[in-house]
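Dropping target_28.tsv in here (TSV, C-alpha atoms and all ligand atoms):
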```tsv
chain	number	residue	atom	x	y	z
K	1	MET	CA	-50.56	123.27	-119.04
K	2	ASN	CA	-49.06	122.07	-122.33
K	3	SER	CA	-46.17	119.66	-122.16
K	4	PRO	CA	-43.19	121.89	-122.36
K	5	GLU	CA	-40.52	121.60	-125.00
K	6	PRO	CA	-37.14	120.77	-123.43
K	7	ALA	CA	-35.06	123.80	-122.63
K	8	SER	CA	-31.83	124.40	-120.80
K	9	PRO	CA	-31.13	126.47	-117.73
K	10	VAL	CA	-29.89	129.93	-118.59
K	11	SER	CA	-27.45	130.25	-115.71
K	12	PRO	CA	-25.86	128.10	-113.00
K	13	ARG	CA	-27.78	129.93	-110.31
K	14	THR	CA	-31.16	129.14	-111.89
K	15	THR	CA	-30.33	125.48	-112.45
K	16	VAL	CA	-32.65	123.23	-110.44
K	17	ARG	CA	-30.38	120.74	-108.71
K	18	ARG	CA	-32.64	118.95	-106.22
K	19	LEU	CA	-35.13	116.73	-108.15
K	20	ARG	CA	-33.77	118.27	-111.31
K	21	GLU	CA	-36.29	116.46	-113.53
K	22	ARG	CA	-38.84	118.91	-112.16
K	23	GLY	CA	-36.87	121.87	-113.50
K	24	ARG	CA	-38.37	123.69	-116.50
K	25	TYR	CA	-36.67	126.45	-118.38
K	26	GLU	CA	-38.81	127.10	-121.45
K	27	ARG	CA	-40.29	130.59	-121.48
K	28	SER	CA	-43.86	129.35	-122.05
K	29	THR	CA	-43.93	127.41	-118.77
K	30	ILE	CA	-42.42	130.31	-116.85
K	31	THR	CA	-44.88	132.85	-118.26
K	32	GLU	CA	-47.89	130.59	-117.61
K	33	ILE	CA	-46.91	130.40	-113.95
K	34	LEU	CA	-46.30	134.16	-113.72
K	35	ASP	CA	-49.67	134.85	-115.35
K	36	GLU	CA	-51.71	132.44	-113.24
K	37	GLY	CA	-50.08	133.23	-109.90
K	38	LEU	CA	-51.98	136.04	-108.22
K	39	ILE	CA	-49.05	137.51	-106.31
K	40	CYS	CA	-45.31	137.18	-106.09
K	41	HIS	CA	-42.77	137.45	-103.30
K	42	VAL	CA	-39.86	139.75	-103.99
K	43	GLY	CA	-36.62	139.07	-102.13
K	44	PHE	CA	-33.76	141.52	-101.73
K	45	ILE	CA	-31.08	142.48	-99.23
K	46	ASP	CA	-31.47	145.68	-97.17
K	47	SER	CA	-28.65	146.60	-94.79
K	48	GLU	CA	-27.22	143.08	-95.00
K	49	HIS	CA	-30.54	141.45	-94.07
K	50	PRO	CA	-32.73	139.51	-96.50
K	51	PHE	CA	-36.39	140.54	-96.87
K	52	VAL	CA	-39.12	138.75	-98.82
K	53	ILE	CA	-42.13	140.97	-99.43
K	54	PRO	CA	-45.47	139.92	-101.00
K	55	THR	CA	-46.73	142.10	-103.81
K	56	ILE	CA	-48.79	142.14	-107.01
K	57	HIS	CA	-46.97	141.54	-110.27
K	58	ALA	CA	-47.90	141.36	-113.94
K	59	ARG	CA	-46.19	140.12	-117.07
K	60	LEU	CA	-46.22	141.70	-120.49
K	61	ASP	CA	-44.21	139.91	-123.17
K	62	ASP	CA	-40.81	139.26	-121.56
K	63	THR	CA	-41.12	141.84	-118.81
K	64	LEU	CA	-42.36	141.50	-115.27
K	65	TYR	CA	-43.82	144.62	-113.63
K	66	LEU	CA	-44.21	145.58	-109.96
K	67	HIS	CA	-45.88	148.73	-108.69
K	68	GLY	CA	-46.48	150.66	-105.52
K	69	SER	CA	-46.09	153.92	-103.70
K	70	PRO	CA	-43.04	156.10	-104.38
K	71	GLY	CA	-42.58	155.94	-100.57
K	72	SER	CA	-42.12	152.14	-100.60
K	73	ARG	CA	-38.86	151.00	-99.07
K	74	THR	CA	-38.90	147.90	-101.28
K	75	LEU	CA	-39.43	149.75	-104.56
K	76	GLY	CA	-36.96	152.46	-103.54
K	77	LEU	CA	-34.18	149.94	-103.00
K	78	LEU	CA	-35.02	148.01	-106.15
K	79	LYS	CA	-35.02	151.07	-108.37
K	80	LYS	CA	-31.58	151.96	-107.04
K	81	GLY	CA	-30.32	148.62	-108.35
K	82	ALA	CA	-30.73	146.17	-105.47
K	83	ARG	CA	-30.54	142.66	-106.87
K	84	ALA	CA	-33.87	140.86	-106.62
K	85	CYS	CA	-35.36	137.41	-106.61
K	86	VAL	CA	-39.06	137.31	-107.55
K	87	THR	CA	-40.91	134.07	-106.83
K	88	VAL	CA	-44.43	133.05	-107.88
K	89	THR	CA	-45.96	129.88	-106.44
K	90	ILE	CA	-49.11	128.01	-107.42
K	91	VAL	CA	-50.27	125.04	-105.33
K	92	ASP	CA	-52.37	122.71	-107.47
K	93	ALA	CA	-53.00	119.80	-105.11
K	94	LEU	CA	-52.07	118.28	-101.79
K	95	VAL	CA	-50.30	114.97	-102.31
K	96	LEU	CA	-51.43	112.52	-99.63
K	97	ALA	CA	-49.12	109.56	-99.47
K	98	ARG	CA	-49.32	106.45	-97.32
K	99	SER	CA	-46.27	107.48	-95.34
K	100	ALA	CA	-45.62	110.83	-93.67
K	101	PHE	CA	-42.29	110.96	-95.47
K	102	HIS	CA	-43.79	110.99	-98.97
K	103	HIS	CA	-46.46	113.64	-98.41
K	104	SER	CA	-45.98	116.48	-100.84
K	105	MET	CA	-47.76	119.09	-102.94
K	106	ASN	CA	-48.28	119.40	-106.64
K	107	TYR	CA	-46.98	122.83	-107.44
K	108	ARG	CA	-45.76	125.10	-110.17
K	109	SER	CA	-43.32	127.80	-109.17
K	110	ALA	CA	-41.14	130.28	-110.99
K	111	VAL	CA	-38.07	132.16	-109.79
K	112	VAL	CA	-36.80	135.23	-111.66
K	113	LEU	CA	-33.45	136.81	-110.82
K	114	GLY	CA	-32.17	140.20	-111.82
K	115	GLU	CA	-32.34	143.92	-111.30
K	116	LEU	CA	-35.27	146.22	-111.96
K	117	ARG	CA	-35.49	149.50	-113.82
K	118	GLU	CA	-37.91	152.29	-113.10
K	119	VAL	CA	-40.48	152.83	-115.83
K	120	THR	CA	-40.64	156.55	-116.57
K	121	ASP	CA	-42.11	156.59	-120.08
K	122	ARG	CA	-45.79	157.54	-119.81
K	123	ASP	CA	-46.97	155.05	-122.43
K	124	GLU	CA	-45.11	152.14	-120.85
K	125	LYS	CA	-46.42	153.18	-117.43
K	126	MET	CA	-49.97	153.09	-118.77
K	127	LEU	CA	-49.43	149.69	-120.41
K	128	ALA	CA	-47.93	148.32	-117.19
K	129	SER	CA	-50.87	149.74	-115.18
K	130	LYS	CA	-53.25	147.95	-117.52
K	131	ALA	CA	-51.25	144.73	-117.19
K	132	LEU	CA	-51.24	144.98	-113.38
K	133	THR	CA	-54.99	145.65	-113.25
K	134	ASP	CA	-55.88	142.93	-115.73
K	135	HIS	CA	-53.49	140.48	-114.06
K	136	VAL	CA	-55.70	140.55	-110.98
K	137	VAL	CA	-59.05	140.65	-112.80
K	138	PRO	CA	-58.79	140.10	-116.56
K	139	GLY	CA	-61.03	142.54	-118.44
K	140	ARG	CA	-61.21	145.03	-115.54
K	141	TRP	CA	-59.19	147.77	-117.27
K	142	ASP	CA	-61.75	148.22	-120.03
K	143	GLU	CA	-64.49	149.02	-117.51
K	144	ILE	CA	-62.77	151.35	-115.04
K	145	ARG	CA	-61.50	154.93	-114.96
K	146	ARG	CA	-57.90	155.03	-116.17
K	147	PRO	CA	-55.15	156.59	-114.02
K	148	ASN	CA	-54.75	160.33	-114.54
K	149	ASP	CA	-51.35	162.03	-114.71
K	150	ASP	CA	-51.35	162.78	-110.99
K	151	GLU	CA	-52.09	159.13	-110.12
K	152	LEU	CA	-49.45	157.92	-112.56
K	153	ARG	CA	-46.94	160.27	-110.91
K	154	LYS	CA	-47.89	158.88	-107.50
K	155	THR	CA	-47.25	155.30	-108.68
K	156	THR	CA	-43.80	153.83	-109.00
K	157	ILE	CA	-43.60	151.07	-111.61
K	158	LEU	CA	-40.54	148.85	-111.93
K	159	ALA	CA	-39.73	146.45	-114.76
K	160	MET	CA	-37.67	143.26	-114.70
K	161	SER	CA	-36.55	141.10	-117.59
K	162	LEU	CA	-37.31	137.38	-117.62
K	163	ASP	CA	-33.86	136.59	-118.99
K	164	GLU	CA	-32.72	134.70	-115.91
K	165	ALA	CA	-35.59	132.51	-114.77
K	166	SER	CA	-36.50	128.95	-113.94
K	167	ALA	CA	-39.60	126.97	-113.10
K	168	LYS	CA	-40.10	123.85	-111.04
K	169	VAL	CA	-43.17	121.67	-111.41
K	170	ARG	CA	-44.48	118.62	-109.53
K	171	THR	CA	-47.40	116.71	-110.97
K	172	GLY	CA	-48.94	113.29	-110.48
K	173	PRO	CA	-49.97	110.98	-107.65
K	174	PRO	CA	-48.02	110.24	-104.47
K	175	VAL	CA	-44.91	108.14	-104.84
K	176	ASP	CA	-44.80	105.73	-101.91
K	177	ASP	CA	-42.27	103.11	-100.94
K	178	GLU	CA	-43.21	99.87	-102.72
K	179	GLU	CA	-44.00	97.96	-99.51
K	180	ASP	CA	-46.36	100.74	-98.31
K	181	TYR	CA	-48.81	100.22	-101.22
K	182	GLU	CA	-50.15	97.22	-99.25
K	183	LEU	CA	-51.15	99.42	-96.31
K	184	PRO	CA	-54.89	100.12	-95.81
K	185	ILE	CA	-54.36	103.87	-95.93
K	186	TRP	CA	-56.18	106.22	-98.33
K	187	ALA	CA	-53.77	107.97	-100.63
K	188	GLY	CA	-54.18	110.35	-103.55
K	189	LEU	CA	-54.49	113.98	-104.49
K	190	LEU	CA	-56.66	116.71	-102.98
K	191	PRO	CA	-56.84	119.47	-105.62
K	192	VAL	CA	-56.89	122.97	-104.14
K	193	PRO	CA	-57.87	125.27	-107.01
K	194	VAL	CA	-58.27	129.01	-106.44
K	195	THR	CA	-62.02	129.51	-106.77
K	196	PRO	CA	-63.86	132.78	-106.09
K	197	GLY	CA	-66.73	133.15	-103.65
K	198	ALA	CA	-69.94	135.07	-104.43
K	199	PRO	CA	-69.28	138.73	-105.39
K	200	GLU	CA	-70.12	141.21	-102.59
K	201	PRO	CA	-71.33	144.51	-104.10
K	202	ASP	CA	-70.00	147.74	-102.56
K	203	PRO	CA	-72.77	149.10	-100.29
K	204	ARG	CA	-72.51	152.44	-102.17
K	205	LEU	CA	-73.43	150.87	-105.52
K	206	PRO	CA	-76.96	151.52	-106.77
K	207	ALA	CA	-78.96	148.40	-105.90
K	208	SER	CA	-79.75	147.77	-109.56
K	209	SER	CA	-76.07	147.49	-110.66
K	210	PRO	CA	-75.52	144.17	-112.39
K	211	VAL	CA	-72.33	142.26	-111.59
K	212	PRO	CA	-70.18	142.53	-114.73
K	213	ASP	CA	-69.13	139.49	-116.72
K	214	HIS	CA	-65.43	139.93	-115.94
K	215	VAL	CA	-66.33	139.49	-112.25
K	216	THR	CA	-68.75	136.56	-112.59
K	217	SER	CA	-66.40	134.76	-114.99
K	218	TRP	CA	-63.19	135.28	-112.96
K	219	ASP	CA	-61.20	132.07	-113.31
K	220	ARG	CA	-57.58	131.89	-112.26
K	221	GLN	CA	-56.98	128.76	-114.32
K	222	ASN	CA	-57.82	130.56	-117.55
K	223	VAL	CA	-55.64	133.64	-117.58
K	224	HIS	CA	-54.33	134.28	-121.07
K	225	PRO	CA	-53.06	137.84	-121.37
K	226	ASP	CA	-51.51	137.11	-124.77
K	227	ASP	CA	-54.86	136.16	-126.35
K	301	LIG	C1	-51.44	140.18	-101.42
K	301	LIG	C2	-50.64	141.43	-101.26
K	301	LIG	C3	-50.49	142.28	-102.35
K	301	LIG	C4	-49.74	143.45	-102.22
K	301	LIG	N1	-49.55	144.23	-103.32
K	301	LIG	C5	-48.76	145.31	-103.25
K	301	LIG	C6	-48.45	146.09	-104.43
K	301	LIG	O1	-48.90	145.80	-105.53
K	301	LIG	N2	-47.63	147.15	-104.29
K	301	LIG	C7	-47.10	147.49	-103.07
K	301	LIG	O2	-46.35	148.47	-103.00
K	301	LIG	N3	-47.35	146.77	-101.96
K	301	LIG	C8	-48.16	145.69	-102.03
K	301	LIG	N4	-48.42	144.95	-100.90
K	301	LIG	C9	-47.87	145.42	-99.64
K	301	LIG	C10	-46.41	144.99	-99.51
K	301	LIG	O3	-46.36	143.66	-98.99
K	301	LIG	C11	-45.60	145.91	-98.59
K	301	LIG	O4	-46.24	146.04	-97.36
K	301	LIG	C12	-45.45	147.29	-99.22
K	301	LIG	O5	-44.96	147.19	-100.55
K	301	LIG	C13	-44.51	148.16	-98.44
K	301	LIG	O6	-43.22	147.62	-98.54
K	301	LIG	P1	-42.04	148.36	-97.81
K	301	LIG	O7	-40.80	147.56	-97.96
K	301	LIG	O8	-41.97	149.77	-98.26
K	301	LIG	O9	-42.61	148.33	-96.34
K	301	LIG	P2	-41.98	148.77	-95.01
K	301	LIG	O10	-43.13	149.28	-94.22
K	301	LIG	O11	-40.78	149.66	-95.18
K	301	LIG	O12	-41.47	147.37	-94.45
K	301	LIG	C14	-40.83	147.34	-93.18
K	301	LIG	C15	-41.11	145.99	-92.57
K	301	LIG	O13	-42.50	145.86	-92.31
K	301	LIG	C16	-42.86	144.51	-92.46
K	301	LIG	N5	-43.80	144.37	-93.58
K	301	LIG	C17	-43.89	145.12	-94.71
K	301	LIG	N6	-44.85	144.61	-95.51
K	301	LIG	C18	-45.35	143.54	-94.89
K	301	LIG	C19	-46.35	142.60	-95.21
K	301	LIG	N7	-47.00	142.65	-96.39
K	301	LIG	N8	-46.63	141.63	-94.33
K	301	LIG	C20	-45.97	141.54	-93.16
K	301	LIG	N9	-45.00	142.39	-92.80
K	301	LIG	C21	-44.70	143.39	-93.66
K	301	LIG	C22	-41.59	143.74	-92.76
K	301	LIG	O14	-40.98	143.32	-91.57
K	301	LIG	C23	-40.75	144.80	-93.45
K	301	LIG	O15	-39.39	144.50	-93.44
K	301	LIG	C24	-49.14	143.77	-100.99
K	301	LIG	C25	-49.27	142.91	-99.91
K	301	LIG	C26	-49.99	141.75	-100.04
K	301	LIG	C27	-50.07	140.80	-98.86
```

Could you write out this structure as structure tokens?
Amino acid sequence: MNSPEPASPVSPRTTVRRLRERGRYERSTITEILDEGLICHVGFIDSEHPFVIPTIHARLDDTLYLHGSPGSRTLGLLKKGARACVTVTIVDALVLARSAFHHSMNYRSAVVLGELREVTDRDEKMLASKALTDHVVPGRWDEIRRPNDDELRKTTILAMSLDEASAKVRTGPPVDDEEDYELPIWAGLLPVPVTPGAPEPDPRLPASSPVPDHVTSWDRQNVHPDD
């Protein structure tokens, strides 16, 4: 990740207070996290109880998209204007300190607050469908059958602006108490990158089907939808 230019929080409720030097507010950092993170967790209140539901997201310019069945309780509440908090978390490394107290993780996370609108325009729905498909596997959209009108109708797509968002980032080695550096205890980072296993072809594929490049080259650390 590039070193971000300094930027200010956009609202008091997205201002990182605890370890505030880890707070990042520039759009480029926030979008990199949204793009690399495979899924998000969307939080909202339903009947006075908070829920946090995992789901796929995608970003296009300054808009975050979610999708699902028109029967979804989550999407139904959100499209009626329920206020939402969408969080994306990437764990880069486990931080192994000499003391239990200073164990940590290197992470990049983004929190987006706001309300969502239902996407009804066919062209925007198609663009969002492409973004959601390519978010999971970049390049997939160009090789698959596109949604038809019936499938588009059976898919609810919601959009959220990135206007009120923050990121928080921890990098670097463990930070131990000075006297603990003398202890004969291994300390350092254990990187935990998201790496794919070997592709498993669908049993109904003809045996001769080659695995496409966008599958063999899948690499979560190199997701650049703006390229
Ligand atoms: C990696 C991942 C990606 C997903 N992507 C999508 C997506 O793109 N679109 C989509 O619509 N859904 C997706 N889901 C499913 C999603 O988490 C919800 O199950 C779904 O959206 C239905 O939500 P709901 O509020 O209508 O469910 P309801 O069935 O109304 O939820 C009722 C209750 O069921 C429980 N529940 C619901 N979902 C889950 C869950 N995932 N895990 C544990 N308990 C649960 C909770 O207690 C919840 O309050 C994804 C799930 C995962 C784990």

Please write out the residues within 9 Å of ligand LIG 301 (chain K) as a tab-separated table (two decimals) with C-alpha atoms, keeping the file's coordinate frame, counting all atoms listed in the file.
```tsv
chain	number	residue	atom	x	y	z
K	38	LEU	CA	-51.98	136.04	-108.22
K	39	ILE	CA	-49.05	137.51	-106.31
K	40	CYS	CA	-45.31	137.18	-106.09
K	41	HIS	CA	-42.77	137.45	-103.30
K	46	ASP	CA	-31.47	145.68	-97.17
K	50	PRO	CA	-32.73	139.51	-96.50
K	51	PHE	CA	-36.39	140.54	-96.87
K	52	VAL	CA	-39.12	138.75	-98.82
K	53	ILE	CA	-42.13	140.97	-99.43
K	54	PRO	CA	-45.47	139.92	-101.00
K	55	THR	CA	-46.73	142.10	-103.81
K	56	ILE	CA	-48.79	142.14	-107.01
K	57	HIS	CA	-46.97	141.54	-110.27
K	66	LEU	CA	-44.21	145.58	-109.96
K	67	HIS	CA	-45.88	148.73	-108.69
K	68	GLY	CA	-46.48	150.66	-105.52
K	69	SER	CA	-46.09	153.92	-103.70
K	70	PRO	CA	-43.04	156.10	-104.38
K	71	GLY	CA	-42.58	155.94	-100.57
K	72	SER	CA	-42.12	152.14	-100.60
K	73	ARG	CA	-38.86	151.00	-99.07
K	74	THR	CA	-38.90	147.90	-101.28
K	75	LEU	CA	-39.43	149.75	-104.56
K	76	GLY	CA	-36.96	152.46	-103.54
K	77	LEU	CA	-34.18	149.94	-103.00
K	132	LEU	CA	-51.24	144.98	-113.38
K	155	THR	CA	-47.25	155.30	-108.68
K	156	THR	CA	-43.80	153.83	-109.00
```

Could you work out how far CA of Phe44 in chain K lies from CA of Val88 in chain K, giving the answer in Å with one decimal?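 Calculated distance between CA of Val88 in chain K and CA of Phe44 in chain K is 14.9 Å.
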
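With CA of Pro147 in chain K on one side and CA of Asp134 in chain K on the other, the separation reads 13.8 Å.
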
Using only C-alpha atoms, can you tell me which of K:Lys80, K:Arg13, K:His102, K:Arg117 comes closest to Asp177 in chain K?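 Answer, going by the shortest atom-to-atom distance: K:His102.
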
Point-to-point distance in Å for CA of Ser166 in chain K and CA of Arg24 in chain K: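 Distance between the two atoms: 6.1 Å.
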
Distance criterion (only C-alpha atoms): nearest to Val112 in chain K out of K:Leu190, K:Val169, K:Cys85, K:Ile157: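 For Val112 in chain K, the nearest of the candidates is K:Cys85.
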
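Closest approach to Ser129 in chain K among K:Leu116, K:Leu64, K:Leu78, K:Val194: K:Leu64, based on all atoms listed in the file.
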
Residue among K:Ile45, K:Leu34, K:Leu162, K:Ile185 lying closest to Ala110 in chain K, counting all atoms listed in the file: K:Leu34

Determine the nearest neighbour of Lys154 in chain K from the options K:Thr120, K:Pro199, K:Arg22, K:Asp180, counting all atoms listed in the file.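 Checking each candidate against Lys154 in chain K, we get K:Thr120 as the closest.
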
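Between Gly197 in chain K and the residues K:Asp219, K:Glu21, K:Glu32, K:Glu164, the shortest atom-to-atom distance, using only C-alpha atoms, involves K:Asp219.
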
If you count only C-alpha atoms, which residues fall within 7 Å of Ala84 in chain K, apart from same-chain ones fewer than 6 positions away, as JSON, numbers by chain? {"K": [42, 43, 44, 113, 114, 115]}

Hey, what's within 7 Å of Pro9 in chain K if we count only C-alpha atoms and toss same-chain stuff fewer than 4 positions away? As a compact mmCIF listing (two decimals) with C-alpha atoms, in the frame of the given file, please?
```
# COMPACT_ATOMS: atom_id res chain seq x y z
CA THR K 14 -31.16 129.14 -111.89
CA THR K 15 -30.33 125.48 -112.45
CA TYR K 25 -36.67 126.45 -118.38
```

With 8 Å added on each side, what axis-aligned box encloses every listed atom of range 88-97 of chain K? Give the centre and edge lengths in Å to one decimal, as AutoDock Vina command-line options.
```
--center_x -48.7 --center_y 121.3 --center_z -103.7 --size_x 24.6 --size_y 39.5 --size_z 24.4
```
